[in-house]
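A.B. asks: Input target.cif, format and content: mmCIF, C-alpha atoms.
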```
data_data
loop_
_atom_site.label_atom_id
_atom_site.label_comp_id
_atom_site.auth_asym_id
_atom_site.auth_seq_id
_atom_site.Cartn_x
_atom_site.Cartn_y
_atom_site.Cartn_z
CA MET A 1 -157.87 68.94 178.85
CA LEU A 2 -161.34 67.79 179.81
CA SER A 3 -164.13 70.36 179.72
CA GLU A 4 -165.55 71.60 183.00
CA ASN A 5 -168.95 70.25 181.99
CA THR A 6 -167.55 66.75 181.44
CA ILE A 7 -165.82 66.78 184.82
CA ARG A 8 -169.05 67.91 186.49
CA VAL A 9 -171.20 65.28 184.78
CA VAL A 10 -168.76 62.44 185.46
CA LYS A 11 -168.51 63.39 189.14
CA GLU A 12 -172.31 63.44 189.37
CA ILE A 13 -172.79 59.98 187.84
CA THR A 14 -169.89 58.32 189.68
CA PRO A 15 -172.06 56.89 192.53
CA VAL A 16 -174.49 55.35 190.01
CA VAL A 17 -171.69 53.94 187.88
CA ALA A 18 -169.95 52.53 190.97
CA ALA A 19 -173.13 50.78 192.07
CA ASN A 20 -173.46 49.15 188.64
CA ALA A 21 -169.80 48.87 187.67
CA GLU A 22 -169.51 45.08 187.56
CA THR A 23 -172.80 44.76 185.68
CA ILE A 24 -171.47 47.26 183.14
CA THR A 25 -168.13 45.49 182.74
CA ARG A 26 -169.75 42.08 182.38
CA ARG A 27 -171.95 43.46 179.63
CA PHE A 28 -168.94 45.21 178.09
CA TYR A 29 -166.94 42.00 177.72
CA GLU A 30 -169.96 40.03 176.48
CA ARG A 31 -170.68 42.64 173.85
CA MET A 32 -167.10 43.20 172.75
CA PHE A 33 -166.39 39.49 172.28
CA GLU A 34 -169.59 39.22 170.23
CA VAL A 35 -169.07 42.31 168.08
CA ASN A 36 -165.26 42.31 167.90
CA PRO A 37 -164.11 38.71 168.43
CA GLU A 38 -160.67 39.61 167.02
CA VAL A 39 -159.70 41.18 170.37
CA LYS A 40 -160.52 38.07 172.42
CA VAL A 41 -156.95 36.86 171.90
CA PHE A 42 -155.70 39.58 174.25
CA PHE A 43 -157.74 38.39 177.25
CA ASN A 44 -157.01 35.52 179.63
CA GLN A 45 -160.24 33.55 179.58
CA SER A 46 -159.64 32.02 183.01
CA HIS A 47 -159.80 35.54 184.45
CA GLN A 48 -163.03 36.05 182.51
CA HIS A 49 -164.39 32.79 183.90
CA THR A 50 -163.65 33.67 187.52
CA GLY A 51 -164.82 37.27 187.13
CA GLY A 52 -161.43 38.72 188.02
CA GLN A 53 -161.09 40.71 184.81
CA GLN A 54 -164.56 42.20 185.17
CA LYS A 55 -163.78 43.29 188.75
CA ALA A 56 -160.45 44.75 187.65
CA LEU A 57 -162.05 46.86 184.94
CA ALA A 58 -164.85 47.93 187.28
CA GLY A 59 -162.24 49.10 189.77
CA ALA A 60 -160.38 50.98 187.05
CA ILE A 61 -163.52 52.77 185.86
CA CYS A 62 -164.49 53.77 189.40
CA ALA A 63 -160.97 55.00 190.15
CA TYR A 64 -160.87 57.09 186.99
CA PHE A 65 -164.30 58.62 187.53
CA THR A 66 -163.53 59.36 191.17
CA HIS A 67 -160.33 61.20 190.25
CA ILE A 68 -161.54 62.71 186.98
CA ASP A 69 -160.58 66.18 188.25
CA ASN A 70 -157.07 65.06 189.29
CA PRO A 71 -155.82 62.46 186.78
CA ALA A 72 -152.23 62.76 188.05
CA VAL A 73 -153.29 60.51 190.95
CA LEU A 74 -153.81 57.73 188.39
CA LEU A 75 -150.31 57.78 186.91
CA PRO A 76 -148.98 54.72 188.83
CA ALA A 77 -152.00 52.72 187.68
CA VAL A 78 -151.61 54.05 184.12
CA GLU A 79 -148.00 52.87 184.05
CA LEU A 80 -148.94 49.41 185.32
CA ILE A 81 -151.68 48.99 182.70
CA ALA A 82 -149.62 50.52 179.88
CA GLN A 83 -146.81 48.05 180.51
CA LYS A 84 -149.35 45.21 180.47
CA HIS A 85 -150.85 46.50 177.23
CA CYS A 86 -147.43 46.64 175.57
CA SER A 87 -146.67 43.10 176.69
CA LEU A 88 -149.78 41.97 174.80
CA GLY A 89 -149.27 44.14 171.73
CA ILE A 90 -152.20 46.51 172.29
CA LYS A 91 -152.11 49.30 169.68
CA ALA A 92 -153.83 52.65 169.16
CA GLU A 93 -156.37 51.10 166.78
CA HIS A 94 -157.75 48.92 169.57
CA TYR A 95 -158.91 51.85 171.70
CA PRO A 96 -161.90 52.84 169.53
CA ILE A 97 -163.13 49.22 169.77
CA VAL A 98 -162.98 49.32 173.56
CA GLY A 99 -164.57 52.75 173.68
CA ALA A 100 -167.50 51.89 171.44
CA ASN A 101 -168.32 48.74 173.38
CA LEU A 102 -167.90 50.39 176.77
CA LEU A 103 -170.26 53.21 175.84
CA ALA A 104 -172.77 50.71 174.51
CA ALA A 105 -172.54 48.66 177.72
CA ILE A 106 -173.18 51.75 179.84
CA GLN A 107 -176.17 52.59 177.65
CA ASP A 108 -177.50 49.03 177.97
CA VAL A 109 -177.24 49.01 181.77
CA MET A 110 -178.33 52.57 182.53
CA GLY A 111 -181.09 52.68 179.92
CA ASP A 112 -183.00 55.97 179.76
CA ALA A 113 -180.87 57.39 182.57
CA ALA A 114 -177.95 57.52 180.12
CA THR A 115 -178.87 60.87 178.57
CA ASP A 116 -177.08 62.40 175.60
CA GLU A 117 -175.25 64.75 177.98
CA ILE A 118 -174.05 61.85 180.13
CA MET A 119 -172.95 59.74 177.18
CA GLY A 120 -171.16 62.70 175.63
CA ALA A 121 -169.27 63.32 178.87
CA VAL A 122 -168.31 59.65 179.23
CA GLU A 123 -167.14 59.57 175.60
CA GLU A 124 -164.94 62.63 176.12
CA ALA A 125 -163.55 61.22 179.38
CA TYR A 126 -162.74 57.90 177.72
CA GLY A 127 -161.02 59.63 174.79
CA PHE A 128 -158.89 61.70 177.16
CA LEU A 129 -157.73 58.61 179.05
CA ALA A 130 -157.18 56.65 175.84
CA ASP A 131 -154.86 59.38 174.55
CA ILE A 132 -152.82 59.14 177.77
CA PHE A 133 -152.43 55.40 177.33
CA ILE A 134 -151.64 55.60 173.62
CA GLY A 135 -148.94 58.21 174.24
CA ARG A 136 -147.27 56.25 177.04
CA GLU A 137 -147.48 52.95 175.16
CA ASN A 138 -145.87 54.48 172.08
CA GLU A 139 -142.97 55.57 174.30
CA ILE A 140 -142.61 52.03 175.69
CA TYR A 141 -142.66 50.46 172.23
CA LYS A 142 -139.98 52.87 171.01
CA SER A 143 -137.73 52.22 174.02
CA GLN A 144 -138.08 48.44 173.57
CA ALA A 145 -136.97 48.65 169.95
CA LEU A 146 -134.07 51.05 170.54
CA VAL A 147 -132.15 49.17 173.26
CA PRO A 148 -129.31 46.92 172.00
CA GLY A 149 -130.88 43.61 170.96
CA GLY A 150 -134.37 44.99 171.50
CA TRP A 151 -137.50 44.19 169.52
CA ASN A 152 -141.21 44.78 169.21
CA GLY A 153 -143.80 42.08 168.70
CA THR A 154 -142.38 38.58 169.06
CA ARG A 155 -138.95 37.01 168.68
CA THR A 156 -138.11 33.33 168.49
CA PHE A 157 -136.24 31.83 171.44
CA VAL A 158 -135.05 28.27 172.06
CA VAL A 159 -135.35 26.38 175.35
CA SER A 160 -131.70 25.70 176.17
CA ARG A 161 -132.38 24.09 179.57
CA LYS A 162 -135.36 22.92 181.58
CA VAL A 163 -134.96 22.47 185.34
CA SER A 164 -137.37 21.24 188.02
CA GLU A 165 -137.27 23.65 190.97
CA SER A 166 -139.92 21.96 193.17
CA ASP A 167 -142.90 19.63 192.89
CA CYS A 168 -144.84 22.35 191.07
CA VAL A 169 -142.30 24.81 189.59
CA THR A 170 -140.17 24.33 186.48
CA SER A 171 -137.61 26.78 185.07
CA LEU A 172 -137.01 27.30 181.36
CA TYR A 173 -133.75 28.87 180.19
CA LEU A 174 -134.32 30.75 176.93
CA LYS A 175 -131.85 32.00 174.32
CA PRO A 176 -132.51 33.88 171.05
CA LYS A 177 -132.71 31.47 168.11
CA ASP A 178 -130.95 33.98 165.87
CA GLY A 179 -127.95 34.06 168.21
CA GLY A 180 -128.29 37.82 168.47
CA GLU A 181 -127.87 40.14 171.41
CA LEU A 182 -130.14 39.77 174.41
CA PRO A 183 -131.48 43.13 175.67
CA LEU A 184 -130.89 43.99 179.29
CA PHE A 185 -134.03 43.81 181.43
CA LYS A 186 -134.90 45.45 184.73
CA PRO A 187 -135.02 42.95 187.62
CA GLY A 188 -138.69 42.38 188.42
CA GLN A 189 -139.91 42.60 184.82
CA TYR A 190 -141.78 39.90 182.91
CA ILE A 191 -141.76 38.58 179.36
CA THR A 192 -144.74 37.37 177.33
CA VAL A 193 -145.00 33.80 176.09
CA HIS A 194 -146.94 33.33 172.85
CA LEU A 195 -147.73 29.63 172.71
CA GLU A 196 -150.44 27.90 170.69
CA HIS A 197 -152.35 25.41 172.81
CA PRO A 198 -153.10 22.26 170.77
CA VAL A 199 -156.75 22.13 171.83
CA THR A 200 -157.96 25.41 173.33
CA PRO A 201 -157.11 28.85 171.87
CA THR A 202 -155.48 30.98 174.56
CA SER A 203 -154.13 34.47 175.09
CA PRO A 204 -150.42 35.23 175.61
CA ARG A 205 -149.13 34.73 179.16
CA ASN A 206 -146.78 36.90 181.23
CA TYR A 207 -144.03 35.25 183.27
CA ASN A 208 -141.54 37.11 185.45
CA LEU A 209 -137.86 36.74 184.67
CA SER A 210 -136.43 34.84 187.62
CA ASP A 211 -132.66 35.08 187.08
CA ARG A 212 -130.38 38.07 187.48
CA TRP A 213 -129.71 40.58 184.75
CA HIS A 214 -126.52 40.43 182.63
CA GLU A 215 -126.92 36.68 182.03
CA PRO A 216 -126.69 35.22 178.48
CA HIS A 217 -130.23 33.88 178.80
CA TYR A 218 -133.68 34.73 180.04
CA ARG A 219 -135.17 32.41 182.65
CA ILE A 220 -138.82 31.99 183.54
CA SER A 221 -139.98 29.75 186.38
CA VAL A 222 -143.50 28.47 185.90
CA LYS A 223 -145.86 27.08 188.52
CA ARG A 224 -148.17 24.33 187.32
CA GLU A 225 -151.58 25.91 187.89
CA GLU A 226 -154.38 23.65 189.03
CA SER A 227 -158.05 24.46 188.50
CA LEU A 228 -159.29 27.27 190.75
CA GLN A 229 -162.90 26.09 190.53
CA ASP A 230 -164.60 22.77 189.86
CA ASP A 231 -166.03 24.02 186.58
CA ALA A 232 -162.85 25.82 185.45
CA PRO A 233 -159.87 24.33 183.63
CA GLY A 234 -156.38 24.15 185.05
CA GLY A 235 -153.72 26.48 183.73
CA LEU A 236 -153.57 25.66 180.02
CA ILE A 237 -150.25 27.30 179.26
CA SER A 238 -148.54 26.51 182.56
CA ASN A 239 -149.33 22.82 182.13
CA LEU A 240 -148.24 22.92 178.49
CA LEU A 241 -144.91 24.50 179.48
CA HIS A 242 -144.44 21.75 182.07
CA ASP A 243 -145.44 18.79 179.94
CA GLY A 244 -145.38 19.77 176.27
CA VAL A 245 -142.35 22.04 175.86
CA HIS A 246 -138.90 20.45 175.89
CA GLU A 247 -135.26 21.42 175.57
CA GLY A 248 -134.56 22.46 172.00
CA ASP A 249 -138.11 23.63 171.33
CA ALA A 250 -138.76 27.13 169.97
CA ILE A 251 -141.03 29.65 171.73
CA GLU A 252 -142.16 33.09 170.62
CA LEU A 253 -141.53 35.78 173.24
CA GLY A 254 -142.45 39.42 173.68
CA PRO A 255 -139.84 41.84 175.10
CA PRO A 256 -139.47 42.60 178.84
CA CYS A 257 -142.20 44.76 180.37
CA GLY A 258 -143.36 45.80 183.83
CA GLU A 259 -143.04 48.65 186.31
CA PHE A 260 -142.35 46.58 189.47
CA THR A 261 -138.56 46.84 189.32
CA LEU A 262 -135.41 47.40 191.33
CA ASP A 263 -132.31 49.12 189.96
CA PRO A 264 -129.23 47.19 191.22
CA SER A 265 -126.91 50.00 190.10
CA GLU A 266 -128.55 52.44 192.53
CA ARG A 267 -126.48 52.61 195.69
CA CYS A 268 -128.35 50.72 198.42
CA SER A 269 -128.09 52.74 201.65
CA ASP A 270 -131.17 51.27 203.39
CA PRO A 271 -131.84 47.63 204.26
CA VAL A 272 -133.89 45.79 201.64
CA VAL A 273 -136.51 43.18 202.55
CA PHE A 274 -138.05 40.75 200.06
CA LEU A 275 -141.27 38.99 201.10
CA ALA A 276 -142.17 36.15 198.73
CA GLY A 277 -145.34 34.07 198.76
CA GLY A 278 -145.45 30.98 196.55
CA ILE A 279 -144.54 31.65 192.91
CA GLY A 280 -144.28 35.34 193.83
CA VAL A 281 -140.67 34.48 194.55
CA THR A 282 -139.74 34.83 190.86
CA PRO A 283 -139.42 38.62 190.43
CA LEU A 284 -137.97 38.98 193.94
CA LEU A 285 -135.31 36.36 193.26
CA SER A 286 -134.26 38.26 190.15
CA MET A 287 -134.08 41.47 192.18
CA ALA A 288 -132.10 39.90 195.02
CA LYS A 289 -129.60 38.13 192.74
CA SER A 290 -129.06 41.26 190.66
CA LEU A 291 -128.69 43.55 193.68
CA LEU A 292 -126.26 41.26 195.49
CA LYS A 293 -124.18 40.73 192.35
CA ALA A 294 -123.75 44.49 192.07
CA GLN A 295 -123.49 45.11 195.84
CA PRO A 296 -122.45 41.91 197.67
CA ASN A 297 -122.46 43.62 201.09
CA ALA A 298 -125.97 45.07 200.79
CA ASP A 299 -128.17 44.52 203.86
CA VAL A 300 -130.83 42.16 202.50
CA THR A 301 -133.41 39.91 204.15
CA PHE A 302 -135.26 37.39 202.00
CA VAL A 303 -138.41 35.92 203.57
CA GLN A 304 -140.06 33.08 201.67
CA ALA A 305 -143.44 31.52 202.44
CA ALA A 306 -144.20 28.11 200.90
CA ARG A 307 -146.36 25.07 201.63
CA ASN A 308 -143.47 22.76 202.56
CA SER A 309 -140.04 21.58 201.46
CA ALA A 310 -141.49 19.73 198.46
CA SER A 311 -143.02 22.90 197.03
CA HIS A 312 -140.23 25.23 198.19
CA ALA A 313 -138.65 26.50 194.97
CA PHE A 314 -135.07 27.84 194.82
CA ALA A 315 -134.09 26.78 198.34
CA ASP A 316 -130.63 25.66 197.21
CA GLU A 317 -130.15 28.63 194.92
CA LEU A 318 -130.94 31.08 197.69
CA GLN A 319 -128.65 29.23 200.10
CA GLN A 320 -125.80 29.52 197.59
CA LEU A 321 -126.58 33.21 197.21
CA ALA A 322 -126.43 33.65 200.99
CA GLU A 323 -123.05 31.91 201.19
CA ALA A 324 -121.67 34.37 198.63
CA SER A 325 -123.36 37.44 200.13
CA PRO A 326 -122.40 38.36 203.71
CA GLY A 327 -125.29 40.82 204.05
CA LEU A 328 -128.06 38.36 203.09
CA GLN A 329 -130.29 36.77 205.71
CA LEU A 330 -132.76 34.02 204.73
CA ARG A 331 -136.01 33.27 206.56
CA THR A 332 -138.50 30.57 205.56
CA ILE A 333 -141.97 29.68 206.78
CA TYR A 334 -144.11 26.67 205.75
CA ASN A 335 -147.87 26.59 206.26
CA GLU A 336 -148.28 22.85 205.49
CA PRO A 337 -144.93 21.38 206.61
CA LEU A 338 -143.91 17.80 206.06
CA ASP A 339 -143.16 15.76 209.19
CA ASP A 340 -139.47 16.64 209.47
CA ASP A 341 -139.37 20.07 207.81
CA LEU A 342 -138.97 22.09 210.99
CA ALA A 343 -136.77 19.63 212.88
CA SER A 344 -134.39 19.26 209.93
CA GLY A 345 -134.01 23.01 209.55
CA LYS A 346 -135.68 23.29 206.17
CA CYS A 347 -137.81 26.12 207.52
CA ASP A 348 -137.53 28.59 210.40
CA GLU A 349 -141.21 28.61 211.37
CA VAL A 350 -144.47 26.87 210.56
CA GLY A 351 -147.82 28.55 210.09
CA LEU A 352 -148.57 31.86 208.43
CA LEU A 353 -146.53 35.02 208.19
CA SER A 354 -147.48 37.23 211.12
CA ARG A 355 -146.86 40.69 212.46
CA GLU A 356 -144.65 39.27 215.21
CA LEU A 357 -142.47 37.33 212.77
CA ILE A 358 -141.96 40.27 210.45
CA ARG A 359 -141.12 42.51 213.40
CA ASP A 360 -138.61 39.94 214.70
CA TRP A 361 -137.05 39.04 211.35
CA VAL A 362 -136.60 42.36 209.55
CA PRO A 363 -135.57 45.99 210.29
CA VAL A 364 -139.08 47.38 210.00
CA GLU A 365 -138.18 50.97 210.85
CA SER A 366 -135.66 51.52 208.05
CA ALA A 367 -136.13 48.90 205.32
CA ARG A 368 -137.48 49.14 201.80
CA PHE A 369 -139.95 46.32 201.22
CA TYR A 370 -140.56 44.41 198.00
CA TYR A 371 -143.27 41.78 198.12
CA CYS A 372 -145.15 39.56 195.71
CA GLY A 373 -147.47 36.57 195.94
CA PRO A 374 -151.08 35.43 195.75
CA PRO A 375 -153.87 37.82 196.81
CA VAL A 376 -154.34 36.47 200.35
CA PHE A 377 -150.60 36.67 201.06
CA MET A 378 -150.45 40.20 199.66
CA SER A 379 -153.41 41.35 201.70
CA VAL A 380 -151.84 40.01 204.89
CA VAL A 381 -148.45 41.59 204.18
CA GLN A 382 -150.00 44.93 203.23
CA SER A 383 -152.02 44.97 206.46
CA ILE A 384 -149.06 43.98 208.64
CA LEU A 385 -146.70 46.57 207.18
CA SER A 386 -149.31 49.29 207.54
CA GLU A 387 -149.94 48.30 211.17
CA LEU A 388 -146.20 48.40 211.82
CA GLY A 389 -146.05 51.96 210.51
CA VAL A 390 -144.14 51.34 207.28
CA ALA A 391 -144.51 54.42 205.09
CA GLU A 392 -146.15 53.92 201.70
CA HIS A 393 -143.04 55.03 199.80
CA ARG A 394 -141.12 52.11 201.38
CA MET A 395 -143.63 49.52 200.14
CA ASN A 396 -143.21 48.13 196.62
CA TYR A 397 -145.35 45.28 195.43
CA GLU A 398 -146.97 43.37 192.60
CA PHE A 399 -150.01 41.10 192.38
CA PHE A 400 -150.21 38.24 189.90
CA GLY A 401 -153.43 38.05 187.90
CA PRO A 402 -156.03 40.87 187.62
CA LYS A 403 -154.81 43.96 189.42
CA GLN A 404 -158.03 45.33 190.92
CA GLU A 405 -156.72 45.44 194.49
CA LEU A 406 -153.47 47.05 193.44
CA LEU A 407 -155.25 49.52 191.21
CA MET A 408 -157.67 50.57 193.92
CA SER A 409 -154.94 50.92 196.53
CA SER A 410 -152.84 52.96 194.09
CA THR A 411 -155.63 55.47 193.57
CA SER A 412 -157.17 55.72 197.02
#
```
Show how you would write the structure in this file as structure tokens.

C.D. replies:
Amino acid sequence: MLSENTIRVVKEITPVVAANAETITRRFYERMFEVNPEVKVFFNQSHQHTGGQQKALAGAICAYFTHIDNPAVLLPAVELIAQKHCSLGIKAEHYPIVGANLLAAIQDVMGDAATDEIMGAVEEAYGFLADIFIGRENEIYKSQALVPGGWNGTRTFVVSRKVSESDCVTSLYLKPKDGGELPLFKPGQYITVHLEHPVTPTSPRNYNLSDRWHEPHYRISVKREESLQDDAPGGLISNLLHDGVHEGDAIELGPPCGEFTLDPSERCSDPVVFLAGGIGVTPLLSMAKSLLKAQPNADVTFVQAARNSASHAFADELQQLAEASPGLQLRTIYNEPLDDDLASGKCDEVGLLSRELIRDWVPVESARFYYCGPPVFMSVVQSILSELGVAEHRMNYEFFGPKQELLMSSTS
């Protein structure tokens, strides 16, 4: 347990830390990559370049300090981050590196205001949180290794098939090279691809499993990522998976991770609504296929937002699923439709997902919602569902990329 003095000091300095949080986290990453370059491999440098990782860590620090006297509030965020850490292979020995550099960054930014009492309190608070993460991550590692076919670290898989799903999405079907058992995953989880880029060193990448569970393969469906800024590169690994990885090639994978899941074996008494934006369709497709395989008559609505029919991934696959599942309703909206997309019935509406459409398309009062997509899409959906009076316990969601918005909303 944290000492009363530490709780008091941390609460007192929280406003100052919050006002300087991004400055502190920028200095933290600069310092850590200089002093401990061995940990750089764990960090997606595109998120560093755009500032997303710095904002995510700043949000995490502020959330922890704000709730220092009630850490139970942080448990959903702890689970999210612990799963991410395990996907990357973070171990207990990495925490002292982070702690030392974080304390040094706070000292650098706060200067003389960072008294011995303040630094001692921050050090104790960090150690307390680190122990929580280490304990939970050890549990995850053990569970990964103990399931039939499970493993820790990496395992070699072979690309058995490669399928184009749209003008920007390609699926890779992956089977263990050793021919051994494939561990069952939870629909919604992701696996980690460890792939050496031929020119630029990169960190491992997480990709959601997009097929249903109980298949003899894993499937990931990768969007080709273009540059987000003029001075930033395009997605190094996504483009390599599209252009440089072929059927028969071997890839190193980490085991399934992630807390955004649906249990298809749990009896589905309420309607289920999936709201997918862009490549956010991948975990939701896995959930829907797994649920409807186990419960073909489940009341399910699948709403998919895409640019147009050219970029609309899995249209045929979802249509086949609907034909085999009497309880499934499909709804599609394009925001940049091609000339004949609406007239030919390839979408139900054009424009952006709105409050009126959600109210008309889905049973708002009783449904459980699962949604995933880019930040703007997620922000719109979150706002609409809240305005429509959907209770928080009926909203389940995941953001791709740095999780600062999710983290802050989980701890507010």

A.B. asks: Given the PyMOL selection byres ((chain A and resi 98) around 10) and the file above, list the residues it selects as an MDAnalysis selection string.

C.D. replies: chainID A and resid 28:29 32 36 39 93:97 99:104 126 130

A.B. asks: Ranking A:Ile24, A:Val158, A:Val376, A:Cys168 by minimum distance to Ala250 in chain A and counting all atoms listed in the file, which one comes first?

C.D. replies: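 Nearest to Ala250 in chain A: A:Val158.
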
A.B. asks: Given the file shown, enumerate the residues that the PyMOL selection byres ((chain A and resi 198-204) around 8) captures and present them as a ChimeraX atom specification.

C.D. replies: /A:40-45,88,192-197,205-206,236-237

A.B. asks: Name every residue that the PyMOL selection byres ((chain A and resi 248) around 8) selects in this structure, writing the answer as a PDB file with C-alpha atoms, in the coordinates of the input with chains first and numbers rising.

C.D. replies:
```pdb
ATOM      1  CA  VAL A 158    -135.050  28.270 172.060  1.00  0.00           C
ATOM      2  CA  VAL A 159    -135.350  26.380 175.350  1.00  0.00           C
ATOM      3  CA  SER A 160    -131.700  25.700 176.170  1.00  0.00           C
ATOM      4  CA  HIS A 246    -138.900  20.450 175.890  1.00  0.00           C
ATOM      5  CA  GLU A 247    -135.260  21.420 175.570  1.00  0.00           C
ATOM      6  CA  ASP A 249    -138.110  23.630 171.330  1.00  0.00           C
ATOM      7  CA  ALA A 250    -138.760  27.130 169.970  1.00  0.00           C
TER       8      ALA A 250
END
```

A.B. asks: Rounded to one decimal place, report the CA of Val9 in chain A-CA of Ala82 in chain A distance in Å.

C.D. replies: 26.6 Å

A.B. asks: If you count all atoms listed in the file, which residues fall within 12 Å of His312 in chain A, apart from same-chain ones fewer than 3 positions away, as an mmCIF file with C-alpha atoms, in the coordinates of the input?

C.D. replies:
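Saved result, around02.cif, follows:
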```cif
data_model
loop_
_atom_site.group_PDB
_atom_site.id
_atom_site.type_symbol
_atom_site.label_atom_id
_atom_site.label_comp_id
_atom_site.auth_asym_id
_atom_site.auth_seq_id
_atom_site.Cartn_x
_atom_site.Cartn_y
_atom_site.Cartn_z
ATOM 1 C CA SER A 164 -137.370 21.240 188.020
ATOM 2 C CA GLU A 165 -137.270 23.650 190.970
ATOM 3 C CA SER A 166 -139.920 21.960 193.170
ATOM 4 C CA ASP A 167 -142.900 19.630 192.890
ATOM 5 C CA CYS A 168 -144.840 22.350 191.070
ATOM 6 C CA VAL A 169 -142.300 24.810 189.590
ATOM 7 C CA THR A 170 -140.170 24.330 186.480
ATOM 8 C CA LYS A 223 -145.860 27.080 188.520
ATOM 9 C CA ALA A 276 -142.170 36.150 198.730
ATOM 10 C CA GLY A 277 -145.340 34.070 198.760
ATOM 11 C CA GLY A 278 -145.450 30.980 196.550
ATOM 12 C CA ILE A 279 -144.540 31.650 192.910
ATOM 13 C CA GLY A 280 -144.280 35.340 193.830
ATOM 14 C CA VAL A 281 -140.670 34.480 194.550
ATOM 15 C CA GLN A 304 -140.060 33.080 201.670
ATOM 16 C CA ALA A 305 -143.440 31.520 202.440
ATOM 17 C CA ALA A 306 -144.200 28.110 200.900
ATOM 18 C CA ARG A 307 -146.360 25.070 201.630
ATOM 19 C CA ASN A 308 -143.470 22.760 202.560
ATOM 20 C CA SER A 309 -140.040 21.580 201.460
ATOM 21 C CA ALA A 315 -134.090 26.780 198.340
ATOM 22 C CA ASP A 316 -130.630 25.660 197.210
ATOM 23 C CA GLU A 317 -130.150 28.630 194.920
ATOM 24 C CA LEU A 318 -130.940 31.080 197.690
ATOM 25 C CA THR A 332 -138.500 30.570 205.560
ATOM 26 C CA ILE A 333 -141.970 29.680 206.780
ATOM 27 C CA TYR A 334 -144.110 26.670 205.750
ATOM 28 C CA ASN A 335 -147.870 26.590 206.260
ATOM 29 C CA GLU A 336 -148.280 22.850 205.490
ATOM 30 C CA PRO A 337 -144.930 21.380 206.610
ATOM 31 C CA LEU A 338 -143.910 17.800 206.060
ATOM 32 C CA ASP A 341 -139.370 20.070 207.810
ATOM 33 C CA LYS A 346 -135.680 23.290 206.170
ATOM 34 C CA CYS A 347 -137.810 26.120 207.520
#
```

A.B. asks: Could you tell me which of A:Ala288, A:Cys372, A:Val222, A:Ile134 comes closest to Asn396 in chain A if we count all atoms listed in the file?

C.D. replies: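 Using all atoms listed in the file, the shortest distance to Asn396 in chain A belongs to A:Cys372.
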
A.B. asks: Do a neighbour search on Tyr371 in chain A at 6 Å with only C-alpha atoms, toss out local chain neighbours closer than 3 positions, and write the hits as number ranges by chain.

C.D. replies: A: 274-276, 397

A.B. asks: CA of Pro375 in chain A to CA of Ser87 in chain A: how many Å, to one decimal?

C.D. replies: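 Here the two named atoms are 22.0 Å from each other.
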
A.B. asks: Report the distance between CA of Gln295 in chain A and CA of Pro326 in chain A in Å, rounded to one decimal place.

C.D. replies: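 Distance between the two atoms: 10.4 Å.
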